[in-house]
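Just start.txt here, compact mmCIF, C-alpha atoms:
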```txt
# COMPACT_ATOMS: atom_id res chain seq x y z
CA MET A 1 25.35 -61.37 -30.54
CA LYS A 2 27.82 -59.48 -28.46
CA ARG A 3 25.92 -56.22 -28.86
CA ALA A 4 22.62 -57.90 -28.08
CA GLY A 5 24.09 -59.30 -24.91
CA GLN A 6 25.26 -55.86 -23.84
CA LYS A 7 21.78 -54.49 -24.30
CA VAL A 8 20.26 -57.23 -22.19
CA MET A 9 22.79 -56.62 -19.41
CA ALA A 10 22.11 -52.87 -19.47
CA GLY A 11 18.39 -53.35 -18.97
CA THR A 12 18.51 -56.19 -16.45
CA GLU A 13 19.55 -55.97 -12.80
CA THR A 14 22.39 -58.36 -12.07
CA PRO A 15 22.39 -60.44 -8.89
CA GLY A 16 25.37 -58.48 -7.61
CA THR A 17 23.66 -55.08 -7.63
CA SER A 18 23.47 -53.84 -4.02
CA GLN A 19 20.72 -51.85 -2.33
CA THR A 20 23.41 -49.38 -1.23
CA SER A 21 24.18 -48.37 -4.79
CA LYS A 22 20.46 -47.74 -5.45
CA LYS A 23 20.26 -45.48 -2.40
CA GLN A 24 23.33 -43.58 -3.50
CA LYS A 25 21.82 -43.08 -6.92
CA THR A 26 18.57 -41.77 -5.43
CA SER A 27 20.42 -39.42 -3.09
CA LEU A 28 22.58 -38.15 -5.91
CA HIS A 29 19.56 -37.30 -8.03
CA GLY A 30 17.78 -35.82 -5.01
CA SER A 31 20.54 -33.27 -4.50
CA GLY A 32 20.52 -32.09 -8.12
CA PHE A 33 17.61 -29.60 -8.47
CA GLY A 34 17.86 -29.22 -12.25
CA GLU A 35 18.04 -32.92 -13.10
CA SER A 36 14.92 -34.73 -14.28
CA ASP A 37 14.79 -38.51 -14.02
CA LEU A 38 11.31 -39.97 -14.14
CA GLY A 39 12.56 -43.18 -12.60
CA THR A 40 14.03 -41.43 -9.52
CA SER A 41 12.10 -39.49 -6.85
CA MET A 42 13.67 -36.47 -5.16
CA ASP A 43 14.67 -36.84 -1.53
CA TRP A 44 12.77 -33.80 -0.19
CA GLY A 45 13.81 -34.53 3.36
CA SER A 46 17.43 -33.79 2.56
CA LEU A 47 16.82 -30.23 1.30
CA PRO A 48 18.85 -27.59 3.18
CA HIS A 49 17.06 -25.73 5.96
CA HIS A 50 17.25 -22.38 4.15
CA VAL A 51 15.57 -23.85 1.03
CA ILE A 52 12.71 -25.39 3.02
CA LEU A 53 12.35 -22.12 4.94
CA ARG A 54 12.03 -20.20 1.69
CA VAL A 55 9.34 -22.59 0.46
CA PHE A 56 7.43 -22.32 3.75
CA GLN A 57 7.37 -18.51 3.48
CA PHE A 58 5.17 -18.79 0.39
CA LEU A 59 2.64 -21.07 2.06
CA THR A 60 -0.51 -20.16 3.95
CA LEU A 61 -0.56 -21.01 7.63
CA VAL A 62 -2.75 -24.08 7.04
CA ASP A 63 -0.41 -25.38 4.34
CA ARG A 64 2.61 -24.72 6.55
CA ALA A 65 1.06 -26.78 9.32
CA ARG A 66 0.33 -29.64 6.92
CA ALA A 67 3.83 -29.50 5.45
CA SER A 68 5.34 -29.62 8.94
CA SER A 69 3.98 -33.15 9.36
CA VAL A 70 5.86 -34.49 6.31
CA CYS A 71 9.00 -35.35 8.27
CA ARG A 72 11.05 -34.37 11.31
CA ARG A 73 13.28 -32.03 9.29
CA TRP A 74 10.32 -30.08 7.92
CA ASN A 75 8.81 -29.88 11.40
CA GLU A 76 12.09 -28.36 12.67
CA VAL A 77 11.90 -25.68 9.96
CA PHE A 78 8.27 -25.00 10.89
CA HIS A 79 9.49 -23.76 14.28
CA ILE A 80 12.44 -21.67 13.11
CA PRO A 81 11.90 -18.08 14.44
CA ASP A 82 12.67 -16.51 11.03
CA LEU A 83 9.52 -18.11 9.63
CA TRP A 84 7.33 -16.25 12.13
CA ARG A 85 8.73 -12.73 11.88
CA ARG A 86 6.19 -11.77 9.19
CA PHE A 87 2.60 -12.98 9.36
CA GLU A 88 -0.91 -12.00 8.27
CA PHE A 89 -3.89 -13.18 10.28
CA GLU A 90 -7.02 -13.58 8.16
CA LEU A 91 -10.28 -13.43 10.10
CA SER A 92 -13.68 -13.81 8.49
CA GLN A 93 -17.15 -15.27 8.79
CA PRO A 94 -17.59 -18.12 6.27
CA ALA A 95 -21.18 -17.26 5.43
CA THR A 96 -20.47 -13.68 4.37
CA SER A 97 -16.83 -13.45 3.24
CA TYR A 98 -14.51 -14.67 0.50
CA LEU A 99 -11.53 -14.65 2.87
CA LYS A 100 -10.18 -17.97 4.05
CA SER A 101 -9.98 -17.56 7.79
CA THR A 102 -6.91 -18.65 9.77
CA HIS A 103 -7.89 -21.65 11.90
CA PRO A 104 -8.33 -20.77 15.63
CA ASP A 105 -6.18 -23.71 16.78
CA LEU A 106 -3.29 -22.55 14.60
CA ILE A 107 -3.68 -19.00 15.91
CA GLN A 108 -3.35 -20.26 19.46
CA GLN A 109 -0.26 -22.27 18.47
CA ILE A 110 1.34 -19.13 17.05
CA ILE A 111 0.53 -17.10 20.17
CA LYS A 112 1.87 -19.85 22.44
CA ARG A 113 5.09 -20.60 20.56
CA HIS A 114 5.91 -17.65 18.33
CA ALA A 115 4.46 -14.45 19.79
CA ASP A 116 7.92 -13.26 20.76
CA HIS A 117 9.15 -13.82 17.17
CA LEU A 118 6.43 -11.78 15.44
CA GLN A 119 7.77 -8.51 14.04
CA TYR A 120 5.73 -7.67 10.90
CA VAL A 121 2.08 -8.40 11.65
CA SER A 122 -1.13 -7.55 9.85
CA PHE A 123 -4.76 -8.46 10.43
CA LYS A 124 -7.06 -8.74 7.42
CA VAL A 125 -10.71 -8.84 8.43
CA ASP A 126 -14.03 -8.81 6.60
CA SER A 127 -16.88 -6.42 7.35
CA SER A 128 -18.31 -8.35 10.31
CA THR A 129 -17.96 -7.11 13.87
CA GLU A 130 -17.15 -10.66 15.03
CA SER A 131 -14.01 -10.77 12.89
CA ALA A 132 -12.81 -7.39 14.17
CA GLU A 133 -13.44 -8.46 17.77
CA ALA A 134 -11.48 -11.67 17.13
CA ALA A 135 -8.57 -9.54 15.88
CA CYS A 136 -8.70 -7.48 19.06
CA ASP A 137 -8.69 -10.65 21.16
CA ILE A 138 -5.51 -11.82 19.42
CA LEU A 139 -3.86 -8.42 19.90
CA SER A 140 -4.68 -8.60 23.61
CA GLN A 141 -2.65 -11.82 23.90
CA LEU A 142 0.55 -10.49 22.33
CA VAL A 143 2.13 -9.58 25.64
CA ASN A 144 5.57 -10.97 24.76
CA CYS A 145 5.77 -9.47 21.30
CA SER A 146 8.38 -7.18 19.77
CA ILE A 147 6.35 -5.98 16.79
CA LYS A 148 7.88 -3.44 14.42
CA THR A 149 5.07 -3.20 11.85
CA LEU A 150 1.35 -3.44 12.62
CA GLY A 151 -1.45 -3.22 10.08
CA LEU A 152 -5.20 -3.50 10.64
CA ILE A 153 -6.85 -3.97 7.26
CA SER A 154 -10.61 -4.01 6.71
CA THR A 155 -11.68 -5.43 3.36
CA ALA A 156 -15.02 -3.63 3.77
CA LYS A 157 -16.64 -1.27 6.24
CA PRO A 158 -17.63 -1.10 9.09
CA SER A 159 -15.54 -3.87 10.70
CA PHE A 160 -13.34 -2.27 13.41
CA MET A 161 -15.61 0.77 13.68
CA ASN A 162 -18.31 -1.44 15.23
CA VAL A 163 -16.00 -2.70 17.98
CA SER A 164 -16.39 -0.87 21.27
CA LYS A 165 -13.79 1.85 21.69
CA ALA A 166 -12.78 0.45 25.08
CA HIS A 167 -12.16 -3.05 23.69
CA PHE A 168 -10.17 -1.73 20.74
CA ALA A 169 -8.09 0.66 22.85
CA SER A 170 -7.35 -2.05 25.41
CA ALA A 171 -6.10 -4.43 22.71
CA LEU A 172 -3.89 -1.79 21.07
CA THR A 173 -2.47 -0.77 24.43
CA VAL A 174 -1.08 -4.29 24.93
CA VAL A 175 0.91 -4.01 21.71
CA PHE A 176 1.90 -0.36 22.20
CA VAL A 177 3.21 -0.99 25.72
CA ASN A 178 4.98 -4.29 25.14
CA SER A 179 6.53 -3.84 21.71
CA LYS A 180 8.76 -0.82 22.47
CA SER A 181 10.04 -0.78 18.88
CA LEU A 182 7.06 -0.01 16.65
CA SER A 183 8.18 1.79 13.51
CA SER A 184 5.25 1.39 11.10
CA ILE A 185 1.53 1.45 11.95
CA LYS A 186 -1.45 1.38 9.59
CA ILE A 187 -4.76 1.62 11.43
CA ASP A 188 -7.24 3.28 9.04
CA ASP A 189 -10.98 3.16 9.71
CA THR A 190 -10.67 2.27 13.40
CA PRO A 191 -11.89 3.71 16.74
CA LEU A 192 -8.36 4.83 17.61
CA ASP A 193 -8.47 7.72 20.09
CA ASP A 194 -6.17 10.32 21.66
CA PRO A 195 -5.37 8.34 24.85
CA SER A 196 -4.23 5.39 22.68
CA LEU A 197 -1.94 7.71 20.71
CA LYS A 198 -0.43 8.98 23.96
CA VAL A 199 0.34 5.39 25.00
CA LEU A 200 1.91 4.77 21.59
CA VAL A 201 4.10 7.87 21.87
CA ALA A 202 5.09 7.16 25.47
CA ASN A 203 6.50 3.75 24.53
CA ASN A 204 7.64 4.09 20.90
CA SER A 205 8.52 7.74 20.29
CA ASP A 206 12.13 6.92 19.37
CA THR A 207 11.23 4.28 16.76
CA LEU A 208 7.99 5.41 15.08
CA LYS A 209 8.58 6.38 11.45
CA LEU A 210 5.26 5.74 9.67
CA LEU A 211 1.74 6.36 10.96
CA LYS A 212 -1.32 5.90 8.74
CA MET A 213 -4.57 6.69 10.52
CA SER A 214 -7.10 8.01 8.02
CA SER A 215 -10.80 7.87 8.94
CA CYS A 216 -10.26 7.66 12.69
CA PRO A 217 -13.04 9.96 13.95
CA HIS A 218 -12.07 9.71 17.63
CA VAL A 219 -8.64 11.25 17.02
CA SER A 220 -8.52 15.01 17.50
CA PRO A 221 -5.94 17.57 16.29
CA ALA A 222 -4.54 17.54 19.84
CA GLY A 223 -3.88 13.81 19.59
CA ILE A 224 -1.91 14.06 16.37
CA LEU A 225 -0.05 17.10 17.72
CA CYS A 226 1.15 14.87 20.54
CA VAL A 227 2.62 12.52 17.94
CA ALA A 228 4.19 15.38 15.98
CA ASP A 229 5.75 16.91 19.09
CA GLN A 230 7.37 13.74 20.45
CA CYS A 231 8.05 11.35 17.53
CA HIS A 232 11.10 13.10 16.13
CA GLY A 233 11.89 10.29 13.71
CA LEU A 234 8.52 10.43 11.96
CA LYS A 235 8.98 10.13 8.19
CA GLU A 236 5.48 9.42 6.85
CA LEU A 237 2.10 10.53 8.12
CA ALA A 238 -1.37 9.84 6.69
CA LEU A 239 -4.49 11.44 8.13
CA ASN A 240 -7.83 13.02 7.28
CA TYR A 241 -8.02 16.66 6.34
CA TYR A 242 -10.21 17.51 9.33
CA ILE A 243 -7.22 16.81 11.60
CA LEU A 244 -4.85 18.93 9.52
CA SER A 245 -4.28 22.39 10.97
CA ASP A 246 -1.87 25.30 10.87
CA GLU A 247 -0.65 24.28 14.33
CA LEU A 248 0.12 20.74 13.17
CA LEU A 249 2.08 21.91 10.12
CA LEU A 250 4.06 24.32 12.28
CA ALA A 251 4.75 21.51 14.78
CA LEU A 252 6.05 19.33 11.94
CA SER A 253 8.21 22.27 10.87
CA SER A 254 9.94 22.82 14.20
CA GLU A 255 13.70 22.40 14.42
CA LYS A 256 13.59 19.32 16.61
CA HIS A 257 11.86 17.27 13.91
CA VAL A 258 13.70 15.34 11.22
CA ASP A 259 12.58 15.88 7.64
CA LEU A 260 9.12 14.51 6.88
CA GLU A 261 9.22 12.57 3.60
CA HIS A 262 5.53 11.88 2.95
CA LEU A 263 2.37 13.61 4.14
CA ARG A 264 -0.83 11.97 2.86
CA ILE A 265 -4.13 13.78 3.32
CA ASP A 266 -7.56 12.28 2.60
CA VAL A 267 -10.25 14.86 1.91
CA VAL A 268 -13.56 13.01 2.12
CA SER A 269 -17.22 13.97 2.15
CA GLU A 270 -19.94 11.34 2.45
CA ASN A 271 -22.89 13.59 1.53
CA PRO A 272 -23.05 16.78 -0.57
CA GLY A 273 -22.59 19.88 1.56
CA GLN A 274 -22.20 17.86 4.76
CA VAL A 275 -18.85 19.32 5.73
CA GLN A 276 -17.56 22.89 5.51
CA PHE A 277 -13.83 22.56 5.00
CA HIS A 278 -11.37 24.91 6.65
CA THR A 279 -8.46 26.62 4.89
CA ILE A 280 -4.77 26.08 5.68
CA LYS A 281 -2.68 29.25 5.54
CA LYS A 282 0.03 29.62 2.95
CA GLN A 283 2.53 30.50 5.70
CA SER A 284 1.97 27.12 7.36
CA TRP A 285 2.55 25.23 4.10
CA ASP A 286 5.66 27.32 3.43
CA ALA A 287 7.06 26.52 6.88
CA LEU A 288 6.67 22.79 6.27
CA VAL A 289 8.39 22.90 2.88
CA LYS A 290 11.18 25.10 4.21
CA HIS A 291 11.86 22.59 6.97
CA SER A 292 11.38 19.50 4.75
CA PRO A 293 12.11 20.68 1.18
CA LYS A 294 11.77 17.21 -0.36
CA VAL A 295 8.47 16.30 1.31
CA ASN A 296 5.81 14.69 -0.89
CA ILE A 297 2.39 16.10 -0.06
CA VAL A 298 -0.25 13.72 -1.39
CA MET A 299 -3.95 14.67 -1.39
CA TYR A 300 -6.84 12.33 -2.21
CA PHE A 301 -10.11 14.18 -2.89
CA PHE A 302 -13.52 12.53 -2.63
CA LEU A 303 -15.69 15.66 -2.65
CA TYR A 304 -18.66 16.98 -4.57
CA GLU A 305 -18.12 19.88 -6.94
CA ASP A 306 -19.56 22.54 -4.64
CA GLU A 307 -17.24 21.57 -1.75
CA PHE A 308 -13.88 22.62 -3.24
CA ASP A 309 -14.10 26.28 -2.31
CA ALA A 310 -11.55 26.11 0.55
CA PHE A 311 -8.78 24.56 -1.57
CA PHE A 312 -6.02 26.00 -3.75
CA ARG A 313 -7.04 29.62 -3.37
CA GLU A 314 -3.40 30.34 -2.56
CA GLU A 315 -0.16 28.63 -3.51
CA THR A 316 -0.15 25.11 -2.07
CA PRO A 317 2.94 22.83 -2.18
CA VAL A 318 1.00 19.66 -3.04
CA THR A 319 2.96 17.15 -5.16
CA HIS A 320 0.40 14.42 -5.91
CA LEU A 321 -3.31 15.03 -6.53
CA TYR A 322 -6.00 12.39 -7.00
CA PHE A 323 -9.64 13.31 -7.64
CA GLY A 324 -11.92 10.33 -7.08
CA ARG A 325 -15.08 12.24 -8.04
CA ALA A 326 -15.90 14.94 -10.58
CA VAL A 327 -13.92 18.16 -10.29
CA SER A 328 -14.83 21.43 -11.98
CA LYS A 329 -12.93 23.33 -14.69
CA ALA A 330 -12.52 26.20 -12.24
CA MET A 331 -10.83 23.93 -9.70
CA LEU A 332 -8.41 22.58 -12.31
CA GLY A 333 -7.66 26.17 -13.28
CA ARG A 334 -6.73 26.98 -9.67
CA ILE A 335 -4.43 23.94 -9.61
CA GLY A 336 -2.60 25.29 -12.64
CA MET A 337 -2.20 28.66 -10.93
CA ASN A 338 -1.29 27.58 -7.40
CA CYS A 339 0.40 24.14 -7.39
CA PRO A 340 3.94 24.72 -8.71
CA ARG A 341 5.34 21.57 -7.03
CA LEU A 342 2.82 19.23 -8.68
CA ILE A 343 4.34 15.94 -9.86
CA GLU A 344 1.27 13.77 -10.51
CA LEU A 345 -2.34 14.58 -11.35
CA VAL A 346 -5.18 12.06 -11.73
CA VAL A 347 -8.70 13.25 -12.58
CA CYS A 348 -11.41 10.59 -12.41
CA ALA A 349 -14.11 12.76 -14.00
CA ASN A 350 -14.90 16.32 -15.02
CA GLY A 351 -17.82 16.84 -17.35
CA LEU A 352 -18.58 17.66 -20.94
CA GLN A 353 -16.51 20.84 -21.31
CA PRO A 354 -13.05 20.49 -22.93
CA LEU A 355 -10.16 21.02 -20.53
CA ASP A 356 -7.69 22.34 -23.11
CA ASP A 357 -6.95 25.67 -21.42
CA GLU A 358 -6.64 24.14 -17.96
CA LEU A 359 -4.20 21.44 -19.12
CA ILE A 360 -2.06 23.94 -21.01
CA GLN A 361 -1.90 26.18 -17.94
CA ILE A 362 -0.87 23.19 -15.80
CA ALA A 363 1.86 22.33 -18.31
CA GLU A 364 3.11 25.94 -18.25
CA ARG A 365 3.26 26.41 -14.49
CA CYS A 366 3.79 22.89 -13.06
CA LYS A 367 7.36 22.32 -14.23
CA ASN A 368 7.76 19.14 -12.18
CA LEU A 369 4.75 17.34 -13.64
CA THR A 370 5.75 13.82 -14.74
CA ALA A 371 2.49 11.83 -14.49
CA MET A 372 -1.03 12.53 -15.73
CA GLY A 373 -4.22 10.45 -15.82
CA LEU A 374 -7.62 11.48 -17.17
CA GLY A 375 -10.82 9.49 -16.86
CA GLU A 376 -14.29 10.74 -17.80
CA CYS A 377 -13.22 14.11 -19.20
CA GLU A 378 -13.03 15.79 -22.59
CA VAL A 379 -9.95 17.23 -24.33
CA THR A 380 -9.56 18.13 -27.98
CA CYS A 381 -6.77 16.37 -29.85
CA ARG A 382 -5.17 19.72 -30.66
CA GLY A 383 -5.25 20.83 -27.00
CA PHE A 384 -3.91 17.51 -25.79
CA ILE A 385 -0.99 17.58 -28.22
CA GLU A 386 -0.15 21.13 -27.12
CA PHE A 387 -0.11 19.95 -23.50
CA VAL A 388 2.19 17.04 -24.33
CA LYS A 389 4.48 19.27 -26.42
CA MET A 390 4.94 21.66 -23.49
CA CYS A 391 5.67 18.82 -21.01
CA GLY A 392 7.84 16.82 -23.41
CA GLY A 393 9.82 13.77 -22.33
CA ARG A 394 9.42 14.48 -18.61
CA LEU A 395 5.94 12.89 -18.82
CA THR A 396 6.99 9.40 -17.79
CA GLN A 397 3.37 8.30 -17.17
CA LEU A 398 0.49 9.38 -19.40
CA SER A 399 -2.78 7.49 -19.12
CA ILE A 400 -5.71 8.87 -21.15
CA MET A 401 -8.81 6.95 -22.19
CA GLU A 402 -9.44 7.09 -25.93
CA GLU A 403 -13.01 8.26 -25.22
CA VAL A 404 -11.60 11.42 -23.59
CA LEU A 405 -10.01 12.69 -26.82
CA ILE A 406 -12.15 14.68 -29.26
CA PRO A 407 -10.95 14.65 -32.89
CA ASP A 408 -10.77 18.08 -34.54
CA SER A 409 -9.94 19.61 -37.91
CA ASP A 410 -6.18 19.33 -37.23
CA TYR A 411 -5.81 15.84 -35.74
CA SER A 412 -7.55 12.51 -35.97
CA LEU A 413 -7.05 9.82 -33.36
CA ASP A 414 -4.81 7.92 -35.77
CA ARG A 415 -2.53 10.90 -36.24
CA LEU A 416 -2.67 11.87 -32.56
CA HIS A 417 -0.75 8.87 -31.26
CA LEU A 418 2.10 9.57 -33.72
CA GLU A 419 2.36 13.22 -32.67
CA VAL A 420 2.22 12.40 -28.96
CA SER A 421 4.80 9.63 -29.39
CA LYS A 422 7.13 12.09 -31.14
CA HIS A 423 7.00 14.62 -28.29
CA LEU A 424 7.29 11.99 -25.57
CA GLY A 425 10.24 10.30 -27.25
CA ARG A 426 8.60 6.87 -27.03
CA MET A 427 5.69 4.97 -28.54
CA TRP A 428 2.37 5.95 -26.97
CA PHE A 429 -1.27 4.98 -27.49
CA PRO A 430 -4.40 6.09 -25.60
CA ASP A 431 -5.93 3.54 -23.24
CA MET A 432 -8.82 1.47 -24.54
CA MET A 433 -12.01 0.75 -22.63
CA PRO A 434 -11.86 -2.97 -21.77
CA THR A 435 -14.51 -5.23 -23.24
CA TRP A 436 -15.91 -8.36 -21.64
```

Encoding of this model in structure tokens:
Amino acid sequence: MKRAGQKVMAGTETPGTSQTSKKQKTSLHGSGFGESDLGTSMDWGSLPHHVILRVFQFLTLVDRARASSVCRRWNEVFHIPDLWRRFEFELSQPATSYLKSTHPDLIQQIIKRHADHLQYVSFKVDSSTESAEAACDILSQLVNCSIKTLGLISTAKPSFMNVSKAHFASALTVVFVNSKSLSSIKIDDTPLDDPSLKVLVANNSDTLKLLKMSSCPHVSPAGILCVADQCHGLKELALNYYILSDELLLALSSEKHVDLEHLRIDVVSENPGQVQFHTIKKQSWDALVKHSPKVNIVMYFFLYEDEFDAFFREETPVTHLYFGRAVSKAMLGRIGMNCPRLIELVVCANGLQPLDDELIQIAERCKNLTAMGLGECEVTCRGFIEFVKMCGGRLTQLSIMEEVLIPDSDYSLDRLHLEVSKHLGRMWFPDMMPTW
């Protein structure tokens, strides 16, 4: 009877139980994040500011705004400047895009209350001209900003390219003039022009470190030379090959410049035979590498096979090569002969002729090669194993589709993976074509 009585008392609230003790119990459980008590709800309003701030940083702008109405404490966090240092505006047309557009009222709230807090800003827009123009309108209002990073990202063409050059330049000028501390800018596929670059340099030459401006047809070699001559802290530069010149490489090699760490070059042709590509002199490449011996020179090729004539006729200090279209055996042979600094090579397609000799030559001469990827190509198992044997354990990345490898009298596909694994010093298998 005594035990039964104890059980009844444990499960029944006595008249003397106070509301205060229940509140204390709830608060106690609310402050313990790892405790689970189905009968007790967590007191979210008592979370520390830094925890709420961290949660808010993972929310979209719409969800942040909704969360800010939960309680006064959450609303206070919603207006903490740290929450608005990094932000991505998403602008789209509902009928034609998968993007969820940032609500105009919330955009105006950000501009009104937090423009001076924004430091890392990007604009993601769909292919419509209206979305790009809306992005320009927002940029034009950032007169009190102190932006350090600016990115204009088009999820599909044409987007910014359909905006009038005057409207785009005017919007960028507001940011370039008022920020004074821009260090990183990514403005690919835009109507950026030389006068805009001069405004950028005039106001941010001491802080600019990264400039990505591929596919900007209104920029001339003279415009990028202005950047090279005055932005002495420039570390990374991305541009189209048509802007690259001997004069630019020599400007980047002058004594007053700090060491360039990354030079990315996009070599693009929209139609076969449309562009006749110029040749960069070996002396100009040598000057750049002498001045910046650790520079990574990255080249992305989107050419047709008959357009490669101007490239790799002489020694070229490229470190990373990506071929997005078919490339000939002859071209790969020139890479093996003239690219001694090569670190990574990715070939999307070649043809139906085995590349054994070309790969072996690359392994012999490119002593820094650590990454290789082959797509729609052909290599015999024997030739591939010889390539891997010569490179050895320095091949940290090796991605080859199984369809690329041709079994021969010496090696089957089953035996190949064992031999390759032995020379790499780790387990390796060829990639499989995904099935749906």

Taking only residues of region 258-279 of chain A that have an atom at most 10 Å from an atom of region 202-223 of chain A, what is each one's shortest atom pair and its distance in Å to one decimal, using all atoms listed in the file, in chain and number order, as a tab-separated table?
```
residue	atom	partner	partner_atom	distance
A:Leu260	CA	A:Lys209	CA	9.3
A:Glu261	CA	A:Leu210	CA	10.0
A:His262	CA	A:Leu210	CA	9.1
A:Leu263	CA	A:Lys212	CA	9.7
A:Arg264	CA	A:Lys212	CA	8.5
A:Ile265	CA	A:Ser214	CA	8.0
A:Asp266	CA	A:Ser214	CA	6.9
A:Val267	CA	A:Ser214	CA	9.7
A:Val268	CA	A:Ser215	CA	9.0
```

9 Å contact set for Gln119 (chain A), all atoms listed in the file, chain neighbours under 4 positions out, as a ChimeraX atom specification: /A:84-87,115,145-150,182

For the residues selected in the previous step, produce a file with C-alpha atoms as a short mmCIF file (atom, residue, chain, number, x, y, z; two decimals), in the frame of the given file.
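Generated file (out_4.cif):
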```
data_model
loop_
_atom_site.label_atom_id
_atom_site.label_comp_id
_atom_site.auth_asym_id
_atom_site.auth_seq_id
_atom_site.Cartn_x
_atom_site.Cartn_y
_atom_site.Cartn_z
CA TRP A 84 7.33 -16.25 12.13
CA ARG A 85 8.73 -12.73 11.88
CA ARG A 86 6.19 -11.77 9.19
CA PHE A 87 2.60 -12.98 9.36
CA ALA A 115 4.46 -14.45 19.79
CA CYS A 145 5.77 -9.47 21.30
CA SER A 146 8.38 -7.18 19.77
CA ILE A 147 6.35 -5.98 16.79
CA LYS A 148 7.88 -3.44 14.42
CA THR A 149 5.07 -3.20 11.85
CA LEU A 150 1.35 -3.44 12.62
CA LEU A 182 7.06 -0.01 16.65
#
```

For CA of Lys186 (chain A) and CA of His114 (chain A), the interatomic separation in Å (one decimal):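 Distance between the two atoms: 22.2 Å.
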
Residues near Ile360 (chain A), cut-off 10 Å, all atoms listed in the file, skip fewer than 6 positions along chain, as a list in words: Gly333, Gly336, Cys366, Gly383, Phe384, Ile385, Glu386, Phe387, Val388, Lys389, Met390 and Cys391 of chain A

CA of Gln276 (chain A) to CA of Ile297 (chain A), straight-line distance in Å: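 Going from CA of Ile297 (chain A) over to CA of Gln276 (chain A), I get 21.8 Å.
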
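Every residue within 12 Å of the file position (12.5, 18.1, 17.0), judged by all atoms listed in the file, is given as Ser205, Asp206, Val227, Ala228, Asp229, Gln230, Cys231, His232, Gly233, Leu234, Leu250, Ala251, Leu252, Ser253, Ser254, Glu255, Lys256, His257, Val258, Asp259, Leu260 and His291 of chain A.
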
Pick from A:Phe56, A:Tyr411, A:Phe89, A:Tyr322 nearest to Gly375 (chain A), counting only C-alpha atoms: A:Tyr322

Interatomic distance (Å, one decimal) between CA of Met401 (chain A) and CA of Pro430 (chain A):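 Between these atoms lies a distance of 5.6 Å.
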
Within 12 Å of (-0.5, -18.2, 2.0) (coordinates as in the file), grab all the protein and nucleic acid residues, counting all atoms listed in the file, and write them out as a JSON list (two decimals) with C-alpha atoms, in the coordinates of the input.
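Wrote it out as out27.json, contents follow:
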```
[["chain", "number", "residue", "atom", "x", "y", "z"],
["A", 55, "VAL", "CA", 9.34, -22.59, 0.46],
["A", 56, "PHE", "CA", 7.43, -22.32, 3.75],
["A", 57, "GLN", "CA", 7.37, -18.51, 3.48],
["A", 58, "PHE", "CA", 5.17, -18.79, 0.39],
["A", 59, "LEU", "CA", 2.64, -21.07, 2.06],
["A", 60, "THR", "CA", -0.51, -20.16, 3.95],
["A", 61, "LEU", "CA", -0.56, -21.01, 7.63],
["A", 62, "VAL", "CA", -2.75, -24.08, 7.04],
["A", 63, "ASP", "CA", -0.41, -25.38, 4.34],
["A", 64, "ARG", "CA", 2.61, -24.72, 6.55],
["A", 65, "ALA", "CA", 1.06, -26.78, 9.32],
["A", 86, "ARG", "CA", 6.19, -11.77, 9.19],
["A", 87, "PHE", "CA", 2.60, -12.98, 9.36],
["A", 88, "GLU", "CA", -0.91, -12.00, 8.27],
["A", 89, "PHE", "CA", -3.89, -13.18, 10.28],
["A", 90, "GLU", "CA", -7.02, -13.58, 8.16],
["A", 99, "LEU", "CA", -11.53, -14.65, 2.87],
["A", 100, "LYS", "CA", -10.18, -17.97, 4.05],
["A", 101, "SER", "CA", -9.98, -17.56, 7.79],
["A", 102, "THR", "CA", -6.91, -18.65, 9.77]]
```

Report as lines of an AutoDock Vina configuration file the centre and the edge lengths, in Å to one decimal, of the axis-aligned box holding every listed atom of region 68-81 of chain A, padded by 6 Å on each side.
```
center_x = 8.6
center_y = -26.7
center_z = 10.4
size_x = 21.3
size_y = 29.3
size_z = 20.1
```

Nearest to Gln361 (chain A), chosen from A:Cys339, A:Ala349, A:Glu236, A:Ser269, with all atoms listed in the file counted in the distances: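 Closest candidate: A:Cys339.
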